[in-house]
Amino acid sequence: MSDNWRVSGQYLESCNCKPACPCIFLSRPTEGNCTVVVGWHIDEGHYGEIDLTGLNVGLAVDSPGTMHEVPWKAALYLDERANDSQKNALVRIFAGQSGGHPARLASHIGQVLGVASAPIEFRQEGKRRTLKIGEVADVDIEAIGGAGGADVAISGHPLCIAPGFPAVVAKSKALRYQDHGYRWTLSDRNGLYSPFSYQN
């Protein structure tokens, strides 16, 4: 497989912290631990000659303390529409095996709970973002209204899913995750979303 790759599109995340999540500033999570679901929609992407456009990826993370200090437990979910070559490419990118920013994120993972295919839906409508991963996860977040109705955005934070893009601060209408022995059911907690672009 070629290591020449690039993916770009939209991402969201939602966790159990109160808005805005202090973990992104390398501070202690508001609840003492951070449980987060992340979703990516690839608007344009390739891995060598393999087209990844239109596919979705999900990640669930359990961090039992301050996120940059403790190893994470993580589960990766791949769009079930992907063929075998596309799935292998998505794993190499989003598990950090092929460098770029995903490799930096993956360096925090101490235990991989699993890699699975699932139907993944990523939707954006105005200031609202939703993610559904089969029967495993549902995320529904909406941007917090700022001064004059503008978005509240954070730039340059050190623990960042999508470097180079301001992250819009949102609040969850719902965050549900049930897999690998976890059962999270939350609302009115932190959310973030923005474009993303990764390459090696």
# chains A, B, ... in the order shown; residues from 1 in each chain; ligands from 1
>>> closest_atom_pairs(of="range 137-200 of chain A", to="range 99-106 of chain A", cutoff="9 Å", atoms="only C-alpha atoms", output="Markdown table")
| residue | atom | partner | partner_atom | distance |
| --- | --- | --- | --- | --- |
| A:Leu159 | CA | A:Leu105 | CA | 8.6 |
| A:Cys160 | CA | A:Leu105 | CA | 8.5 |
| A:Ile161 | CA | A:Leu105 | CA | 7.6 |
| A:Ala162 | CA | A:His101 | CA | 8.3 |
| A:Pro163 | CA | A:His101 | CA | 8.2 |
| A:Tyr198 | CA | A:His101 | CA | 6.3 |
| A:Gln199 | CA | A:Gly100 | CA | 5.5 |
| A:Asn200 | CA | A:Gly100 | CA | 4.5 |
>>> residues_around(residues="Ser27 in chain A", least_positions_apart="4", cutoff="12 Å", atoms="only C-alpha atoms", output="number ranges by chain")
A: 17, 20-23, 31-34, 65-69, 157-159
>>> select_by_dssp(residues="range 7-167 of chain A", states="strand (DSSP E or B)", output="JSON, numbers by chain")
{"A": [7, 8, 9, 10, 11, 12, 13, 14, 15, 34, 35, 36, 37, 38, 39, 40, 41, 42, 43, 44, 45, 46, 47, 50, 51, 56, 57, 58, 59, 60, 61, 62, 63, 72, 73, 74, 75, 76, 77, 78, 79, 109, 110, 111, 112, 113, 114, 115, 116, 117, 118, 120, 121, 122, 123, 124, 125, 128, 129, 130, 131, 132, 133, 137, 138, 139, 140, 141, 142, 143, 145, 151, 153, 154, 167]}
>>> write_last_selection(atoms="C-alpha atoms", output="compact mmCIF listing (two decimals), in the first residue's frame")
# COMPACT_ATOMS: atom_id res chain seq x y z
CA VAL A 7 -8.14 13.17 3.68
CA SER A 8 -10.22 16.27 4.38
CA GLY A 9 -13.78 16.98 5.42
CA GLN A 10 -15.74 17.61 8.60
CA TYR A 11 -15.31 16.31 12.14
CA LEU A 12 -17.21 16.43 15.42
CA GLU A 13 -16.58 15.31 18.97
CA SER A 14 -18.58 15.20 22.17
CA CYS A 15 -17.47 14.21 25.65
CA CYS A 34 -12.96 12.09 29.83
CA THR A 35 -15.14 9.82 27.69
CA VAL A 36 -15.43 11.05 24.13
CA VAL A 37 -16.92 10.01 20.80
CA VAL A 38 -15.34 11.45 17.62
CA GLY A 39 -16.64 11.27 14.06
CA TRP A 40 -15.10 12.20 10.71
CA HIS A 41 -16.77 12.60 7.31
CA ILE A 42 -14.32 12.53 4.41
CA ASP A 43 -15.39 15.01 1.72
CA GLU A 44 -12.28 14.27 -0.34
CA GLY A 45 -9.66 11.64 0.28
CA HIS A 46 -7.32 9.04 -1.12
CA TYR A 47 -4.71 6.58 0.05
CA ILE A 50 -7.64 4.12 -3.24
CA ASP A 51 -10.53 6.60 -3.20
CA ASN A 56 -17.09 8.03 7.59
CA VAL A 57 -15.00 7.00 10.58
CA GLY A 58 -15.81 6.93 14.30
CA LEU A 59 -13.69 6.67 17.45
CA ALA A 60 -14.64 6.15 21.09
CA VAL A 61 -12.08 7.04 23.76
CA ASP A 62 -11.93 6.49 27.50
CA SER A 63 -9.28 8.55 29.27
CA TRP A 72 -6.38 6.09 26.47
CA LYS A 73 -8.54 3.08 25.72
CA ALA A 74 -10.02 3.41 22.24
CA ALA A 75 -12.31 1.66 19.77
CA LEU A 76 -12.27 2.46 16.04
CA TYR A 77 -15.31 2.17 13.78
CA LEU A 78 -15.11 2.01 9.98
CA ASP A 79 -17.84 2.79 7.47
CA ILE A 109 -3.68 5.29 23.00
CA GLY A 110 -2.54 2.60 25.40
CA GLN A 111 -5.15 -0.06 24.61
CA VAL A 112 -7.10 -0.72 21.42
CA LEU A 113 -10.46 -2.17 22.42
CA GLY A 114 -11.40 -3.15 18.88
CA VAL A 115 -11.76 -2.22 15.23
CA ALA A 116 -15.19 -2.86 13.70
CA SER A 117 -17.27 -2.03 10.64
CA ALA A 118 -20.63 -0.39 11.18
CA ILE A 120 -22.00 5.33 10.16
CA GLU A 121 -24.04 8.45 9.45
CA PHE A 122 -22.52 11.92 9.78
CA ARG A 123 -24.87 14.86 9.23
CA GLN A 124 -24.50 18.63 9.38
CA GLU A 125 -27.34 21.12 9.27
CA ARG A 128 -26.07 21.24 14.37
CA ARG A 129 -23.97 18.09 13.86
CA THR A 130 -25.04 14.48 14.38
CA LEU A 131 -23.25 11.14 14.29
CA LYS A 132 -24.75 7.67 14.42
CA ILE A 133 -22.64 4.53 14.58
CA ALA A 137 -23.36 5.45 19.40
CA ASP A 138 -25.51 8.53 18.86
CA VAL A 139 -24.14 12.06 19.09
CA ASP A 140 -26.23 15.22 18.61
CA ILE A 141 -24.54 18.57 19.25
CA GLU A 142 -25.41 22.18 18.48
CA ALA A 143 -23.21 25.28 18.55
CA GLY A 145 -24.60 31.05 20.70
CA ASP A 151 -20.08 31.09 16.94
CA ALA A 153 -14.59 29.23 18.50
CA ILE A 154 -11.26 28.03 19.92
CA ALA A 167 -13.18 24.55 16.61
>>> residues_around(residues="Lys18 in chain A", least_positions_apart="4", cutoff="8 Å", atoms="only C-alpha atoms", output="list in words")
Thr30, Asp188, Arg189 and Asn190 of chain A
>>> atom_distance(atom1="CA of Ala147 in chain A", atom2="CA of Phe25 in chain A")
22.4 Å
>>> select_by_dssp(residues="range 21-117 of chain A", states="alpha helix (DSSP H)", output="list in words")
Asp84, Ser85, Gln86, Lys87, Asn88, Ala89, Leu90, Val91, Arg92, Ile93, Phe94, His101, Pro102, Ala103, Arg104, Leu105 and Ala106 of chain A
>>> write_last_selection(atoms="N, CA and C atoms", output="mmCIF file, in the first residue's frame")
data_model
loop_
_atom_site.group_PDB
_atom_site.id
_atom_site.type_symbol
_atom_site.label_atom_id
_atom_site.label_comp_id
_atom_site.auth_asym_id
_atom_site.auth_seq_id
_atom_site.Cartn_x
_atom_site.Cartn_y
_atom_site.Cartn_z
ATOM 1 N N ASP A 84 -12.681 -3.817 1.235
ATOM 2 C CA ASP A 84 -11.546 -4.248 2.053
ATOM 3 C C ASP A 84 -10.342 -3.318 1.898
ATOM 4 N N SER A 85 -10.063 -2.882 0.671
ATOM 5 C CA SER A 85 -8.929 -1.987 0.457
ATOM 6 C C SER A 85 -9.148 -0.647 1.150
ATOM 7 N N GLN A 86 -10.368 -0.137 1.075
ATOM 8 C CA GLN A 86 -10.682 1.129 1.736
ATOM 9 C C GLN A 86 -10.604 0.993 3.256
ATOM 10 N N LYS A 87 -11.091 -0.116 3.784
ATOM 11 C CA LYS A 87 -11.018 -0.330 5.236
ATOM 12 C C LYS A 87 -9.565 -0.387 5.703
ATOM 13 N N ASN A 88 -8.726 -1.101 4.952
ATOM 14 C CA ASN A 88 -7.310 -1.162 5.323
ATOM 15 C C ASN A 88 -6.677 0.223 5.299
ATOM 16 N N ALA A 89 -7.054 1.027 4.307
ATOM 17 C CA ALA A 89 -6.517 2.380 4.213
ATOM 18 C C ALA A 89 -6.994 3.243 5.376
ATOM 19 N N LEU A 90 -8.265 3.132 5.727
ATOM 20 C CA LEU A 90 -8.802 3.911 6.847
ATOM 21 C C LEU A 90 -8.114 3.539 8.159
ATOM 22 N N VAL A 91 -7.861 2.257 8.354
ATOM 23 C CA VAL A 91 -7.155 1.825 9.570
ATOM 24 C C VAL A 91 -5.752 2.413 9.595
ATOM 25 N N ARG A 92 -5.050 2.335 8.476
ATOM 26 C CA ARG A 92 -3.684 2.847 8.445
ATOM 27 C C ARG A 92 -3.642 4.343 8.745
ATOM 28 N N ILE A 93 -4.640 5.086 8.252
ATOM 29 C CA ILE A 93 -4.669 6.527 8.513
ATOM 30 C C ILE A 93 -5.117 6.817 9.933
ATOM 31 N N PHE A 94 -6.304 6.345 10.302
ATOM 32 C CA PHE A 94 -6.915 6.792 11.558
ATOM 33 C C PHE A 94 -6.390 6.051 12.787
ATOM 34 N N HIS A 101 -1.082 13.858 11.386
ATOM 35 C CA HIS A 101 -1.645 14.188 12.697
ATOM 36 C C HIS A 101 -2.312 12.992 13.388
ATOM 37 N N PRO A 102 -2.958 12.074 12.652
ATOM 38 C CA PRO A 102 -3.531 10.910 13.343
ATOM 39 C C PRO A 102 -2.501 10.105 14.137
ATOM 40 N N ALA A 103 -1.259 10.088 13.685
ATOM 41 C CA ALA A 103 -0.221 9.366 14.429
ATOM 42 C C ALA A 103 0.035 10.030 15.776
ATOM 43 N N ARG A 104 -0.044 11.354 15.802
ATOM 44 C CA ARG A 104 0.132 12.065 17.070
ATOM 45 C C ARG A 104 -1.013 11.737 18.031
ATOM 46 N N LEU A 105 -2.239 11.707 17.510
ATOM 47 C CA LEU A 105 -3.377 11.339 18.357
ATOM 48 C C LEU A 105 -3.244 9.903 18.853
ATOM 49 N N ALA A 106 -2.858 9.006 17.945
ATOM 50 C CA ALA A 106 -2.750 7.589 18.308
ATOM 51 C C ALA A 106 -1.662 7.334 19.334
#
>>> decode(residues="range 41-180 of chain A", atoms="C-alpha atoms", output="mmCIF file, in the first residue's frame")
data_model
loop_
_atom_site.group_PDB
_atom_site.id
_atom_site.type_symbol
_atom_site.label_atom_id
_atom_site.label_comp_id
_atom_site.auth_asym_id
_atom_site.auth_seq_id
_atom_site.Cartn_x
_atom_site.Cartn_y
_atom_site.Cartn_z
ATOM 1 C CA HIS A 41 -16.769 12.604 7.314
ATOM 2 C CA ILE A 42 -14.324 12.527 4.408
ATOM 3 C CA ASP A 43 -15.385 15.012 1.719
ATOM 4 C CA GLU A 44 -12.279 14.266 -0.336
ATOM 5 C CA GLY A 45 -9.660 11.637 0.281
ATOM 6 C CA HIS A 46 -7.322 9.041 -1.115
ATOM 7 C CA TYR A 47 -4.707 6.577 0.045
ATOM 8 C CA GLY A 48 -2.450 6.054 -2.938
ATOM 9 C CA GLU A 49 -4.881 5.074 -5.696
ATOM 10 C CA ILE A 50 -7.636 4.116 -3.240
ATOM 11 C CA ASP A 51 -10.532 6.596 -3.203
ATOM 12 C CA LEU A 52 -11.869 7.367 0.293
ATOM 13 C CA THR A 53 -14.280 10.172 -0.670
ATOM 14 C CA GLY A 54 -17.642 10.050 1.124
ATOM 15 C CA LEU A 55 -16.664 7.568 3.827
ATOM 16 C CA ASN A 56 -17.095 8.033 7.586
ATOM 17 C CA VAL A 57 -14.997 6.998 10.584
ATOM 18 C CA GLY A 58 -15.810 6.930 14.303
ATOM 19 C CA LEU A 59 -13.693 6.669 17.448
ATOM 20 C CA ALA A 60 -14.645 6.151 21.087
ATOM 21 C CA VAL A 61 -12.081 7.038 23.761
ATOM 22 C CA ASP A 62 -11.934 6.486 27.501
ATOM 23 C CA SER A 63 -9.283 8.554 29.273
ATOM 24 C CA PRO A 64 -9.210 7.840 33.031
ATOM 25 C CA GLY A 65 -7.602 11.170 33.938
ATOM 26 C CA THR A 66 -5.902 14.174 32.393
ATOM 27 C CA MET A 67 -5.799 13.218 28.729
ATOM 28 C CA HIS A 68 -2.197 14.065 27.863
ATOM 29 C CA GLU A 69 -0.913 12.260 30.985
ATOM 30 C CA VAL A 70 -2.689 8.885 30.937
ATOM 31 C CA PRO A 71 -3.014 6.212 28.218
ATOM 32 C CA TRP A 72 -6.380 6.094 26.466
ATOM 33 C CA LYS A 73 -8.540 3.083 25.722
ATOM 34 C CA ALA A 74 -10.016 3.415 22.238
ATOM 35 C CA ALA A 75 -12.312 1.661 19.768
ATOM 36 C CA LEU A 76 -12.265 2.457 16.037
ATOM 37 C CA TYR A 77 -15.311 2.172 13.775
ATOM 38 C CA LEU A 78 -15.109 2.014 9.977
ATOM 39 C CA ASP A 79 -17.838 2.794 7.471
ATOM 40 C CA GLU A 80 -19.441 -0.507 6.467
ATOM 41 C CA ARG A 81 -19.746 0.808 2.879
ATOM 42 C CA ALA A 82 -15.957 0.637 2.539
ATOM 43 C CA ASN A 83 -14.493 -2.307 0.638
ATOM 44 C CA ASP A 84 -11.546 -4.248 2.053
ATOM 45 C CA SER A 85 -8.929 -1.987 0.457
ATOM 46 C CA GLN A 86 -10.682 1.129 1.736
ATOM 47 C CA LYS A 87 -11.018 -0.330 5.236
ATOM 48 C CA ASN A 88 -7.310 -1.162 5.323
ATOM 49 C CA ALA A 89 -6.517 2.380 4.213
ATOM 50 C CA LEU A 90 -8.802 3.911 6.847
ATOM 51 C CA VAL A 91 -7.155 1.825 9.570
ATOM 52 C CA ARG A 92 -3.684 2.847 8.445
ATOM 53 C CA ILE A 93 -4.669 6.527 8.513
ATOM 54 C CA PHE A 94 -6.915 6.792 11.558
ATOM 55 C CA ALA A 95 -4.969 4.311 13.705
ATOM 56 C CA GLY A 96 -1.903 6.456 13.080
ATOM 57 C CA GLN A 97 0.083 3.827 11.182
ATOM 58 C CA SER A 98 0.818 6.118 8.219
ATOM 59 C CA GLY A 99 1.973 9.264 9.976
ATOM 60 C CA GLY A 100 0.459 12.720 9.878
ATOM 61 C CA HIS A 101 -1.645 14.188 12.697
ATOM 62 C CA PRO A 102 -3.531 10.910 13.343
ATOM 63 C CA ALA A 103 -0.221 9.366 14.429
ATOM 64 C CA ARG A 104 0.132 12.065 17.070
ATOM 65 C CA LEU A 105 -3.377 11.339 18.357
ATOM 66 C CA ALA A 106 -2.750 7.589 18.308
ATOM 67 C CA SER A 107 0.392 8.044 20.414
ATOM 68 C CA HIS A 108 -1.936 8.666 23.396
ATOM 69 C CA ILE A 109 -3.676 5.288 23.002
ATOM 70 C CA GLY A 110 -2.538 2.595 25.401
ATOM 71 C CA GLN A 111 -5.150 -0.057 24.612
ATOM 72 C CA VAL A 112 -7.099 -0.718 21.416
ATOM 73 C CA LEU A 113 -10.464 -2.168 22.418
ATOM 74 C CA GLY A 114 -11.400 -3.148 18.882
ATOM 75 C CA VAL A 115 -11.762 -2.219 15.227
ATOM 76 C CA ALA A 116 -15.185 -2.859 13.697
ATOM 77 C CA SER A 117 -17.265 -2.033 10.643
ATOM 78 C CA ALA A 118 -20.633 -0.386 11.184
ATOM 79 C CA PRO A 119 -23.172 1.782 9.398
ATOM 80 C CA ILE A 120 -21.998 5.329 10.160
ATOM 81 C CA GLU A 121 -24.043 8.452 9.448
ATOM 82 C CA PHE A 122 -22.516 11.923 9.783
ATOM 83 C CA ARG A 123 -24.870 14.856 9.226
ATOM 84 C CA GLN A 124 -24.496 18.632 9.377
ATOM 85 C CA GLU A 125 -27.337 21.121 9.271
ATOM 86 C CA GLY A 126 -26.674 24.754 10.125
ATOM 87 C CA LYS A 127 -25.093 24.816 13.587
ATOM 88 C CA ARG A 128 -26.065 21.239 14.370
ATOM 89 C CA ARG A 129 -23.968 18.094 13.863
ATOM 90 C CA THR A 130 -25.045 14.479 14.385
ATOM 91 C CA LEU A 131 -23.251 11.142 14.292
ATOM 92 C CA LYS A 132 -24.754 7.674 14.421
ATOM 93 C CA ILE A 133 -22.642 4.532 14.583
ATOM 94 C CA GLY A 134 -24.995 1.573 14.144
ATOM 95 C CA GLU A 135 -26.530 0.619 17.483
ATOM 96 C CA VAL A 136 -23.334 1.639 19.268
ATOM 97 C CA ALA A 137 -23.361 5.446 19.396
ATOM 98 C CA ASP A 138 -25.507 8.531 18.858
ATOM 99 C CA VAL A 139 -24.135 12.064 19.090
ATOM 100 C CA ASP A 140 -26.226 15.216 18.613
ATOM 101 C CA ILE A 141 -24.540 18.572 19.248
ATOM 102 C CA GLU A 142 -25.406 22.182 18.484
ATOM 103 C CA ALA A 143 -23.205 25.283 18.554
ATOM 104 C CA ILE A 144 -23.428 27.544 21.589
ATOM 105 C CA GLY A 145 -24.604 31.048 20.701
ATOM 106 C CA GLY A 146 -21.909 33.655 21.227
ATOM 107 C CA ALA A 147 -21.966 37.449 21.360
ATOM 108 C CA GLY A 148 -24.184 38.834 18.641
ATOM 109 C CA GLY A 149 -25.157 35.312 17.604
ATOM 110 C CA ALA A 150 -21.648 34.483 16.380
ATOM 111 C CA ASP A 151 -20.080 31.088 16.940
ATOM 112 C CA VAL A 152 -17.821 30.598 19.954
ATOM 113 C CA ALA A 153 -14.591 29.233 18.501
ATOM 114 C CA ILE A 154 -11.264 28.033 19.919
ATOM 115 C CA SER A 155 -8.022 28.193 17.945
ATOM 116 C CA GLY A 156 -4.543 26.890 18.615
ATOM 117 C CA HIS A 157 -5.445 24.587 21.517
ATOM 118 C CA PRO A 158 -2.670 22.087 22.242
ATOM 119 C CA LEU A 159 -4.783 18.895 22.278
ATOM 120 C CA CYS A 160 -6.528 19.261 18.949
ATOM 121 C CA ILE A 161 -8.318 16.811 16.649
ATOM 122 C CA ALA A 162 -8.235 19.171 13.663
ATOM 123 C CA PRO A 163 -5.213 21.492 13.778
ATOM 124 C CA GLY A 164 -5.342 24.575 11.583
ATOM 125 C CA PHE A 165 -9.097 25.093 11.940
ATOM 126 C CA PRO A 166 -10.975 26.991 14.681
ATOM 127 C CA ALA A 167 -13.181 24.551 16.611
ATOM 128 C CA VAL A 168 -16.761 25.682 17.169
ATOM 129 C CA VAL A 169 -17.876 25.118 20.770
ATOM 130 C CA ALA A 170 -21.132 23.188 21.012
ATOM 131 C CA LYS A 171 -23.307 21.515 23.601
ATOM 132 C CA SER A 172 -24.712 18.007 23.347
ATOM 133 C CA LYS A 173 -28.410 17.363 23.046
ATOM 134 C CA ALA A 174 -27.471 13.703 23.385
ATOM 135 C CA LEU A 175 -24.372 11.568 23.707
ATOM 136 C CA ARG A 176 -24.909 7.827 23.889
ATOM 137 C CA TYR A 177 -22.340 5.055 23.585
ATOM 138 C CA GLN A 178 -22.700 1.374 24.391
ATOM 139 C CA ASP A 179 -19.909 -1.064 23.516
ATOM 140 C CA HIS A 180 -16.921 -2.852 25.070
#
